[in-house]
Structures are given as structure tokens and as C-alpha cells.
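As stored in protein_21.txt (compact mmCIF, C-alpha atoms):
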# COMPACT_ATOMS: atom_id res chain seq x y z
CA MET T 1 83.25 45.28 113.10
CA ASN T 2 84.76 41.88 112.39
CA GLU T 3 88.39 41.40 113.10
CA THR T 4 90.53 41.61 109.98
CA PRO T 5 91.97 38.28 108.83
CA ALA T 6 95.70 37.65 108.76
CA HIS T 7 95.69 36.26 105.22
CA TYR T 8 94.18 36.74 101.80
CA THR T 9 91.87 33.91 100.75
CA ARG T 10 93.28 31.48 98.22
CA THR T 11 90.65 32.71 95.74
CA ALA T 12 91.83 36.32 96.18
CA ILE T 13 95.45 35.25 95.62
CA ALA T 14 94.55 33.22 92.52
CA LEU T 15 92.49 36.09 91.05
CA HIS T 16 95.35 38.54 91.71
CA TRP T 17 97.95 36.49 89.86
CA VAL T 18 95.76 35.33 86.98
CA LEU T 19 94.75 38.95 86.33
CA ALA T 20 98.35 40.12 86.69
CA LEU T 21 99.52 37.56 84.12
CA MET T 22 96.73 38.41 81.65
CA ILE T 23 97.38 42.15 81.94
CA PHE T 24 101.11 41.54 81.50
CA ILE T 25 100.37 39.79 78.19
CA ALA T 26 97.50 41.96 76.91
CA PHE T 27 99.32 45.29 77.41
CA PRO T 28 102.44 44.62 75.24
CA VAL T 29 100.34 42.78 72.64
CA GLY T 30 98.16 45.91 72.43
CA LEU T 31 101.17 48.18 72.02
CA TYR T 32 102.69 45.94 69.36
CA MET T 33 99.61 45.23 67.27
CA VAL T 34 98.41 48.79 66.65
CA ASP T 35 101.31 49.74 64.39
CA LEU T 36 101.26 46.55 62.32
CA ARG T 37 100.31 46.71 58.66
CA LEU T 38 97.01 44.91 58.04
CA SER T 39 97.69 41.16 57.83
CA PRO T 40 96.08 37.94 59.08
CA GLU T 41 98.48 38.12 62.08
CA LYS T 42 97.19 41.59 62.92
CA LEU T 43 93.57 40.38 62.84
CA GLN T 44 94.53 37.43 65.05
CA LEU T 45 96.38 39.60 67.58
CA TYR T 46 93.46 42.04 67.72
CA SER T 47 91.06 39.18 68.40
CA TRP T 48 93.28 37.62 71.05
CA HIS T 49 93.76 41.03 72.69
CA LYS T 50 89.99 41.58 72.78
CA TRP T 51 89.32 38.07 74.11
CA ALA T 52 91.89 38.64 76.85
CA GLY T 53 90.38 42.06 77.59
CA ILE T 54 86.88 40.67 78.06
CA ALA T 55 88.28 37.87 80.23
CA ILE T 56 90.07 40.52 82.34
CA LEU T 57 86.81 42.47 82.62
CA VAL T 58 84.88 39.39 83.76
CA LEU T 59 87.59 38.32 86.22
CA ALA T 60 87.92 41.88 87.56
CA LEU T 61 84.18 41.98 88.24
CA ILE T 62 84.36 38.61 90.00
CA ARG T 63 87.35 39.89 91.96
CA LEU T 64 85.50 43.06 92.93
CA LEU T 65 82.59 40.99 94.16
CA TRP T 66 84.96 38.73 96.08
CA ARG T 67 86.74 41.75 97.56
CA ALA T 68 83.41 43.25 98.65
CA THR T 69 82.43 40.06 100.46
CA HIS T 70 85.85 39.00 101.83
CA ARG T 71 87.78 41.39 104.01
CA PRO T 72 91.47 41.58 103.11
CA PRO T 73 94.16 41.56 105.82
CA ALA T 74 94.99 45.01 107.21
CA LEU T 75 98.15 46.86 106.23
CA PRO T 76 100.90 46.60 108.88
CA ALA T 77 100.70 49.23 111.61
CA SER T 78 104.35 50.05 110.92
CA MET T 79 103.29 51.78 107.68
CA LYS T 80 103.01 55.58 107.83
CA ARG T 81 99.57 57.05 107.36
CA ILE T 82 100.55 58.60 104.03
CA GLU T 83 101.87 55.21 102.83
CA GLN T 84 98.62 53.53 103.82
CA ILE T 85 96.62 56.15 101.95
CA ALA T 86 98.84 55.75 98.87
CA ALA T 87 98.51 51.96 98.99
CA HIS T 88 94.72 52.10 99.27
CA ALA T 89 94.48 54.71 96.51
CA ALA T 90 96.62 52.55 94.19
CA HIS T 91 94.49 49.48 94.92
CA HIS T 92 91.26 51.37 94.27
CA LEU T 93 92.62 52.83 91.02
CA LEU T 94 93.77 49.41 89.85
CA TYR T 95 90.27 48.02 90.41
CA VAL T 96 88.76 50.95 88.48
CA LEU T 97 91.25 50.53 85.62
CA MET T 98 90.92 46.72 85.43
CA ILE T 99 87.28 47.40 84.58
CA ALA T 100 87.57 50.70 82.70
CA VAL T 101 90.39 49.72 80.29
CA PRO T 102 88.63 46.66 78.80
CA LEU T 103 85.25 48.41 78.87
CA VAL T 104 86.58 51.37 76.87
CA GLY T 105 88.31 48.91 74.53
CA TRP T 106 85.01 47.11 73.95
CA MET T 107 83.27 50.47 73.30
CA MET T 108 86.03 51.42 70.86
CA SER T 109 85.63 48.14 69.00
CA SER T 110 81.87 48.76 68.71
CA ALA T 111 82.40 52.35 67.57
CA LYS T 112 84.85 51.19 64.90
CA GLY T 113 82.26 48.78 63.53
CA PHE T 114 83.89 45.57 64.74
CA PRO T 115 81.67 43.65 67.14
CA VAL T 116 83.50 41.65 69.80
CA VAL T 117 82.95 37.89 69.48
CA TRP T 118 84.44 36.39 72.63
CA PHE T 119 86.81 33.53 71.76
CA GLY T 120 85.27 33.66 68.27
CA LEU T 121 82.17 32.01 69.75
CA VAL T 122 80.16 34.40 71.93
CA PRO T 123 78.92 37.52 70.13
CA LEU T 124 78.80 40.44 72.56
CA PRO T 125 76.41 43.34 72.07
CA ASP T 126 77.70 46.59 70.57
CA LEU T 127 77.96 49.19 73.34
CA VAL T 128 77.80 52.14 70.92
CA SER T 129 76.90 52.37 67.24
CA LYS T 130 79.50 52.79 64.50
CA ASN T 131 81.06 56.25 64.57
CA LYS T 132 84.59 56.80 63.30
CA GLU T 133 85.35 59.94 65.35
CA LEU T 134 84.08 58.33 68.56
CA GLY T 135 86.08 55.18 67.77
CA ASP T 136 89.30 57.18 67.34
CA LEU T 137 88.63 59.12 70.56
CA LEU T 138 87.92 55.94 72.53
CA GLY T 139 91.14 54.50 71.11
CA GLU T 140 93.08 57.43 72.59
CA VAL T 141 91.30 57.03 75.94
CA HIS T 142 91.93 53.27 75.95
CA GLU T 143 95.66 53.78 75.34
CA LEU T 144 95.95 56.58 77.89
CA LEU T 145 94.18 54.55 80.60
CA ALA T 146 96.32 51.51 79.81
CA TRP T 147 99.51 53.58 80.23
CA GLY T 148 98.14 55.01 83.46
CA MET T 149 97.49 51.47 84.64
CA ALA T 150 101.03 50.43 83.67
CA LEU T 151 102.47 53.24 85.80
CA ILE T 152 100.37 52.29 88.82
CA VAL T 153 101.28 48.61 88.36
CA ILE T 154 104.97 49.58 88.37
CA ALA T 155 104.48 51.62 91.57
CA HIS T 156 102.46 48.75 93.10
CA ALA T 157 105.18 46.17 92.29
CA ALA T 158 107.97 48.51 93.41
CA ALA T 159 106.20 49.06 96.74
CA ALA T 160 105.78 45.30 97.21
CA ILE T 161 109.50 44.74 96.56
CA LYS T 162 110.46 47.57 98.91
CA HIS T 163 108.25 46.07 101.64
CA HIS T 164 109.84 42.67 101.12
CA PHE T 165 113.53 43.61 100.99
CA LEU T 166 113.70 46.89 102.93
CA ALA T 167 110.79 47.01 105.37
CA ARG T 168 110.74 43.18 105.71
CA ASP T 169 107.17 43.36 106.99
CA GLY T 170 105.95 40.21 105.21
CA ILE T 171 103.50 42.10 102.96
CA LEU T 172 104.62 40.40 99.73
CA ALA T 173 104.30 36.97 101.35
CA ARG T 174 100.59 37.64 101.85
CA MET T 175 100.20 37.48 98.05
CA LEU T 176 103.04 34.97 97.54
CA PRO T 177 102.57 32.45 100.37
CA PHE T 178 105.64 30.38 99.35
CA LEU T 179 107.89 33.29 100.42
CA LYS T 180 107.07 32.59 104.05
CA MET Q 1 29.13 47.32 55.15
CA LYS Q 2 31.98 45.45 56.73
CA ARG Q 3 31.18 42.37 54.69
CA LEU Q 4 31.04 44.44 51.54
CA MET Q 5 34.47 45.89 52.34
CA THR Q 6 35.89 42.42 52.94
CA ALA Q 7 34.48 41.20 49.65
CA PHE Q 8 35.93 44.21 47.87
CA VAL Q 9 39.39 43.70 49.35
CA ALA Q 10 39.29 40.00 48.54
CA ALA Q 11 38.32 40.77 44.96
CA ALA Q 12 41.10 43.32 44.66
CA LEU Q 13 43.66 40.83 45.97
CA ALA Q 14 42.41 38.12 43.62
CA MET Q 15 42.78 40.34 40.54
CA PRO Q 16 45.70 39.38 38.36
CA ALA Q 17 48.65 41.73 38.68
CA THR Q 18 48.55 44.32 35.99
CA ALA Q 19 51.27 43.69 33.48
CA VAL Q 20 54.21 45.84 34.41
CA GLU Q 21 57.76 45.44 33.30
CA TYR Q 22 60.27 46.96 35.66
CA GLY Q 23 63.43 48.27 34.13
CA THR Q 24 64.37 51.74 35.37
CA VAL Q 25 66.66 51.15 38.32
CA ASP Q 26 66.77 53.77 41.06
CA HIS Q 27 70.43 53.50 42.03
CA ALA Q 28 70.14 55.92 44.93
CA LYS Q 29 67.65 53.58 46.61
CA SER Q 30 69.44 50.38 45.65
CA SER Q 31 72.30 48.85 47.58
CA LEU Q 32 74.88 46.12 47.28
CA SER Q 33 76.31 45.08 50.62
CA PHE Q 34 78.26 42.20 52.08
CA THR Q 35 79.32 40.71 55.38
CA SER Q 36 82.67 39.05 55.81
CA LYS Q 37 83.77 37.07 58.84
CA GLN Q 38 87.10 37.93 60.40
CA MET Q 39 88.13 35.71 63.33
CA GLY Q 40 84.43 34.88 63.74
CA VAL Q 41 83.51 38.56 63.75
CA PRO Q 42 80.91 39.70 61.20
CA VAL Q 43 82.11 42.88 59.47
CA ASP Q 44 79.73 44.78 57.21
CA GLY Q 45 80.77 46.40 53.95
CA LYS Q 46 79.26 47.78 50.78
CA PHE Q 47 79.90 49.00 47.27
CA SER Q 48 78.73 52.51 46.47
CA LYS Q 49 79.18 52.60 42.67
CA PHE Q 50 77.39 50.05 40.52
CA LYS Q 51 75.07 50.04 37.56
CA VAL Q 52 72.21 47.57 37.46
CA THR Q 53 70.31 46.72 34.29
CA LEU Q 54 67.05 44.94 34.76
CA SER Q 55 63.98 43.84 32.91
CA PHE Q 56 61.45 41.99 35.00
CA ASP Q 57 57.77 41.28 34.46
CA PRO Q 58 56.35 39.39 37.46
CA ALA Q 59 53.92 37.66 35.12
CA LYS Q 60 56.80 36.37 32.96
CA PRO Q 61 59.77 35.87 35.29
CA GLN Q 62 61.45 33.36 32.97
CA ALA Q 63 61.81 36.15 30.40
CA ALA Q 64 63.53 38.46 32.90
CA VAL Q 65 67.10 39.57 32.48
CA ALA Q 66 69.35 41.25 35.02
CA GLY Q 67 72.95 42.27 35.26
CA PHE Q 68 75.32 44.70 36.88
CA ASP Q 69 78.65 46.37 36.48
CA LEU Q 70 80.40 47.20 39.69
CA ASP Q 71 83.18 49.72 40.34
CA VAL Q 72 85.29 47.57 42.66
CA ALA Q 73 87.27 50.57 43.95
CA SER Q 74 84.06 51.96 45.47
CA ILE Q 75 84.27 49.29 48.16
CA ASP Q 76 83.83 50.11 51.82
CA ALA Q 77 85.19 47.06 53.62
CA GLY Q 78 84.48 48.41 57.10
CA SER Q 79 87.56 50.49 57.86
CA GLN Q 80 90.02 52.76 56.04
CA GLU Q 81 92.78 50.26 56.69
CA ALA Q 82 90.74 47.47 55.09
CA ASN Q 83 89.75 49.70 52.15
CA ASP Q 84 93.41 50.43 51.42
CA GLU Q 85 94.25 46.73 51.62
CA VAL Q 86 91.46 45.14 49.56
CA VAL Q 87 92.08 47.16 46.41
CA GLY Q 88 95.60 45.66 46.31
CA LYS Q 89 96.92 42.73 44.30
CA GLN Q 90 96.20 40.00 46.83
CA TRP Q 91 92.54 41.01 47.07
CA PHE Q 92 90.71 42.63 44.14
CA ASN Q 93 93.71 43.93 42.19
CA VAL Q 94 91.65 46.96 41.20
CA LYS Q 95 94.33 48.40 38.91
CA GLN Q 96 94.12 45.42 36.60
CA PHE Q 97 90.47 44.48 37.24
CA PRO Q 98 88.52 47.65 38.03
CA THR Q 99 85.12 46.17 37.25
CA ALA Q 100 83.16 43.16 38.43
CA SER Q 101 80.12 42.17 36.40
CA PHE Q 102 77.19 39.84 36.31
CA LYS Q 103 74.82 38.88 33.51
CA SER Q 104 71.84 36.63 34.15
CA SER Q 105 71.40 33.55 32.01
CA SER Q 106 68.15 32.44 33.59
CA VAL Q 107 65.50 33.55 36.06
CA LYS Q 108 63.07 31.03 37.46
CA ALA Q 109 60.08 31.26 39.75
CA LEU Q 110 60.38 29.45 43.09
CA GLY Q 111 56.75 29.98 44.06
CA GLY Q 112 55.04 32.88 45.76
CA ASN Q 113 57.14 36.03 45.49
CA ARG Q 114 60.39 34.10 45.40
CA PHE Q 115 62.63 33.74 42.38
CA GLU Q 116 66.12 32.65 41.53
CA VAL Q 117 68.56 34.31 39.17
CA SER Q 118 71.56 32.45 37.77
CA GLY Q 119 74.40 33.47 35.55
CA PRO Q 120 78.10 34.17 35.19
CA LEU Q 121 79.73 36.49 37.73
CA THR Q 122 83.11 37.93 36.81
CA ILE Q 123 85.43 39.22 39.52
CA LYS Q 124 89.17 39.77 39.21
CA GLY Q 125 89.07 38.41 35.67
CA LYS Q 126 87.59 35.06 36.70
CA THR Q 127 84.10 34.04 35.60
CA LEU Q 128 82.05 31.54 37.57
CA ASN Q 129 78.38 30.70 37.56
CA ILE Q 130 76.36 31.72 40.58
CA SER Q 131 72.73 31.47 41.65
CA ALA Q 132 70.94 33.79 44.00
CA PRO Q 133 67.42 33.60 45.36
CA PHE Q 134 65.52 36.86 45.58
CA THR Q 135 62.10 38.18 46.44
CA TYR Q 136 60.04 40.67 44.52
CA LYS Q 137 57.39 42.96 45.86
CA ALA Q 138 55.51 45.87 44.40
CA ASP Q 139 55.87 49.10 46.33
CA GLY Q 140 53.68 51.73 44.73
CA LYS Q 141 55.03 52.20 41.21
CA ASN Q 142 58.29 50.51 42.05
CA GLY Q 143 59.35 46.92 42.12
CA VAL Q 144 61.62 46.04 45.04
CA PHE Q 145 64.01 43.11 44.69
CA ASP Q 146 65.84 41.71 47.68
CA GLY Q 147 68.30 38.87 47.45
CA ALA Q 148 71.09 37.27 49.38
CA PHE Q 149 73.58 34.55 48.65
CA VAL Q 150 76.89 33.22 49.85
CA LEU Q 151 79.89 33.85 47.65
CA LYS Q 152 83.11 31.93 48.17
CA ARG Q 153 86.02 34.31 47.78
CA LEU Q 154 88.84 31.80 47.19
CA PRO Q 155 87.67 30.49 43.76
CA TYR Q 156 87.96 34.10 42.56
CA GLY Q 157 91.34 34.60 44.18
CA ILE Q 158 89.97 37.34 46.43
CA GLY Q 159 92.51 37.24 49.25
CA GLU Q 160 95.60 35.42 48.06
CA GLY Q 161 98.89 34.58 49.74
CA PRO Q 162 98.63 34.83 53.54
CA TRP Q 163 95.00 35.96 53.18
CA ALA Q 164 94.00 32.59 51.70
CA ASP Q 165 93.98 31.32 55.31
CA THR Q 166 90.27 30.97 55.97
CA SER Q 167 90.72 30.62 59.73
CA THR Q 168 91.32 34.38 59.78
CA VAL Q 169 88.99 35.61 57.03
CA ALA Q 170 86.30 33.06 56.19
CA ASP Q 171 85.89 31.85 52.61
CA GLU Q 172 82.17 32.51 52.67
CA ILE Q 173 81.05 36.10 52.11
CA GLN Q 174 77.39 36.89 52.63
CA ILE Q 175 76.20 39.12 49.77
CA LYS Q 176 72.99 41.12 49.90
CA PHE Q 177 71.35 43.15 47.16
CA HIS Q 178 68.41 45.50 47.34
CA ILE Q 179 67.23 46.86 44.02
CA VAL Q 180 64.45 49.37 43.48
CA ALA Q 181 63.20 49.76 39.91
CA ALA Q 182 60.35 51.63 38.29
CA ALA Q 183 58.49 50.54 35.17
CA LYS Q 184 60.40 50.86 31.92

Rendering of file as C-alpha cells:
Amino acid sequence: MNETPAHYTRTAIALHWVLALMIFIAFPVGLYMVDLRLSPEKLQLYSWHKWAGIAILVLALIRLLWRATHRPPALPASMKRIEQIAAHAAHHLLYVLMIAVPLVGWMMSSAKGFPVVWFGLVPLPDLVSKNKELGDLLGEVHELLAWGMALIVIAHAAAAIKHHFLARDGILARMLPFLK
Amino acid sequence: MKRLMTAFVAAALAMPATAVEYGTVDHAKSSLSFTSKQMGVPVDGKFSKFKVTLSFDPAKPQAAVAGFDLDVASIDAGSQEANDEVVGKQWFNVKQFPTASFKSSSVKALGGNRFEVSGPLTIKGKTLNISAPFTYKADGKNGVFDGAFVLKRLPYGIGEGPWADTSTVADEIQIKFHIVAAAK
């Protein structure tokens, strides 16, 4: 087995933060837009949310490919076994959700009879045919998964902060090199 | 034998169409649908209640007349939310203008099985002339008419106020009609 590197690649760091920023915008926009009365603003927000979602899906797939071909640095040996398991589980779940949340959103859009046209330019295929009941169900699943993702993101960020200020093991600096 | 068959088919095709004047519209088989564009996304819709009157003899297309009355409230604009919105004042104002109607003023042959119908179309109390190309084909005892044209919504005031912004909902609405009619 190759030795694990001491750092994340610059590409891995860039993908992490670009995805974090996009998810941080797409999630509250999604929460806000659903309860709006139908208006041009609502249609615009829905489109922007879907464009961001597809971009997140594409970037998450690129990131997954990058992760599969570039070994990340190992967790510090000072971490307890249970902490290491929790960290790995959270990372795996975040990868699954970064793909599942936009994918279910895309399916919901298809089921509701609204094709996704990426950036208003690239028509994407419908993943399922129009079906109101399925669309409503997928909407529930999309929201539930997004909330689940929000909780894991909070835990993930809280752990990073704890490592930085309490454990002082330099974990956060691996993703934020200027902290070094 | 084969040659005889070919000759027979050729003769049958060359025979002038028997004079038939279509006029009994089968509304269950006919449809009136449209596609709007919202943020570049095509969204399909349709009207379920309309009454088409038609008189069309393929041998004398210039004598044809066609028209329809449409129950605007029967619209399906693609979602319940949209259906609730488009009957309102800024869109179709269905309370004041429950019916949209068309009456042909001319039908002309474009060659082959293609024709064009023109005439005044009234929506939301505004009347404007439109033209729509259509095709005709015989299907057993029925005549089948298929047409499509682009209707601009803004001249009719369909989508006023904030909805007049065409960067969200495009001005051009693609309209499609499919009419099945038996002989009179």
C-alpha cells in the first residue's frame, strides 16, 4: 500500500469549498422558495436552485472520481477509534447525499412535469414521466434528505472546529491551508 | 400479378378524392394543447373543454369555415399552482372573460395536404387576426386536421404586471390543435 500523503491536493480543497459554498446557498434558497406564492421570482428561484443542484451533482461526481484516484491524508493517530469511524461515516454519507439530494430533486422535477434545462440552455432528459403522486413523494424525500445533509454538515463543521480549537491537531488546516 | 397489383394501386391513388365535406367534430378525439416556456423550460398544457365547428371539403378548401369556442377555465397549465394562477386577473381573467373564440375568415391551400386558416381570435376581450398552417389527412371516414402556430401572449394581455417580464415566461406560446371530424 502507498504511504498516505500529508496533505489534500489543491483540487480536492477547491472542490470541497466550492461544493460547500453552493450547498450553503442552494439549501436556504430551497427552503425559502417552496412556500412562495407563484410569481416570476418563484420561477426564477426554482430555476436557479435546479441549476445549482445539477452543478452540485456534476461537481460531486468529479469529486468522487478525484477521491477514488487521490488518497486523502490519514486521520491523526490521536483520534479514538470511535471518532475515526464517525468521521469516515460522516464523509461517506456526505458523498452519498451530495449525489442523492440533487438526483432526487431532478427526478421530482421530471415527475412534476417540469424538465430541467441547465442554465436555461442545456435540456436534461426526464428521469421519470409525469406523475403527480410520485412528484409529491419525491419532494418529501428531497426535503428529508436535504435536512439530513444539513445535520451531518453541522456535525462535520462542529468536529472540524473542535479539532482546531480543542484538540489542536491541525485537521482543519488540511482543508484551510492558510491556518497553518 | 405483381404488376397488375401495382397498376391497380397506382390507379386507386390517381383517382380524384371522393367529394366529402367534414363537419361533425369528434371532441373526445380532438385536442387543443400548448407549450409555454418558463425560464427556458418547456411546460406543456391543454384545454379540456372547447367546441369546434368545422366545414371542410378537401376539394374546395377556399370554401371551408372553421371556428371554436373555448372554456378558458378548463385550462391545465401544467400544475395545480399554475392552474390557480392563470385564471386570475393578470392572466386570463376568467371571471370577466370565460370564453375565448376563433372564427375563420379564410382558408387557403398551400399545396399538397397543407392549408392555412386565418381569422380573428378573441382572448380576454381582445380580438386579433391570426394565421395557422395545418395539414389534413383522411383516416377512414374521418378527416384529421393537425395544426400548430405561435401565439404571442402579451398583445392579448395574458400575463400582466410582473408576469409581462418575458425573461421569465416567454411571450411566444406554441399552440397545437388536433381535430378529428366525420362527414357532415

Counting all atoms listed in the file, which residues from chain T have an atom at most 10 Å from any atom of chain Q, and could you show them as a CSV table (one decimal) with C-alpha atoms, keeping the file's coordinate frame?
chain,number,residue,atom,x,y,z
T,37,ARG,CA,100.3,46.7,58.7
T,38,LEU,CA,97.0,44.9,58.0
T,39,SER,CA,97.7,41.2,57.8
T,40,PRO,CA,96.1,37.9,59.1
T,41,GLU,CA,98.5,38.1,62.1
T,42,LYS,CA,97.2,41.6,62.9
T,43,LEU,CA,93.6,40.4,62.8
T,44,GLN,CA,94.5,37.4,65.0
T,46,TYR,CA,93.5,42.0,67.7
T,47,SER,CA,91.1,39.2,68.4
T,48,TRP,CA,93.3,37.6,71.0
T,112,LYS,CA,84.8,51.2,64.9
T,113,GLY,CA,82.3,48.8,63.5
T,114,PHE,CA,83.9,45.6,64.7
T,115,PRO,CA,81.7,43.6,67.1
T,116,VAL,CA,83.5,41.6,69.8
T,117,VAL,CA,83.0,37.9,69.5
T,118,TRP,CA,84.4,36.4,72.6
T,119,PHE,CA,86.8,33.5,71.8
T,120,GLY,CA,85.3,33.7,68.3
T,121,LEU,CA,82.2,32.0,69.8
T,122,VAL,CA,80.2,34.4,71.9
T,123,PRO,CA,78.9,37.5,70.1
T,130,LYS,CA,79.5,52.8,64.5
T,132,LYS,CA,84.6,56.8,63.3

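Between atom CA of T:Asp136 and atom CA of Q:Trp91 the separation is 26.1 Å.
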
At what distance in Å, to one decimal, does atom CA of Q:Ser33 lie from atom CA of Q:His178?
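That distance, rounded to one decimal, is 8.6 Å.
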
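The interatomic distance for the pair atom CA of T:Ile56 and atom CA of T:Trp147 works out to 16.3 Å.
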
Closest of Q:Gln90, Q:Arg114, Q:Val150, Q:Val144 to Q:His27 - atom-to-atom distances counting only C-alpha atoms
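Closest to Q:His27, using only C-alpha atoms: Q:Val144.
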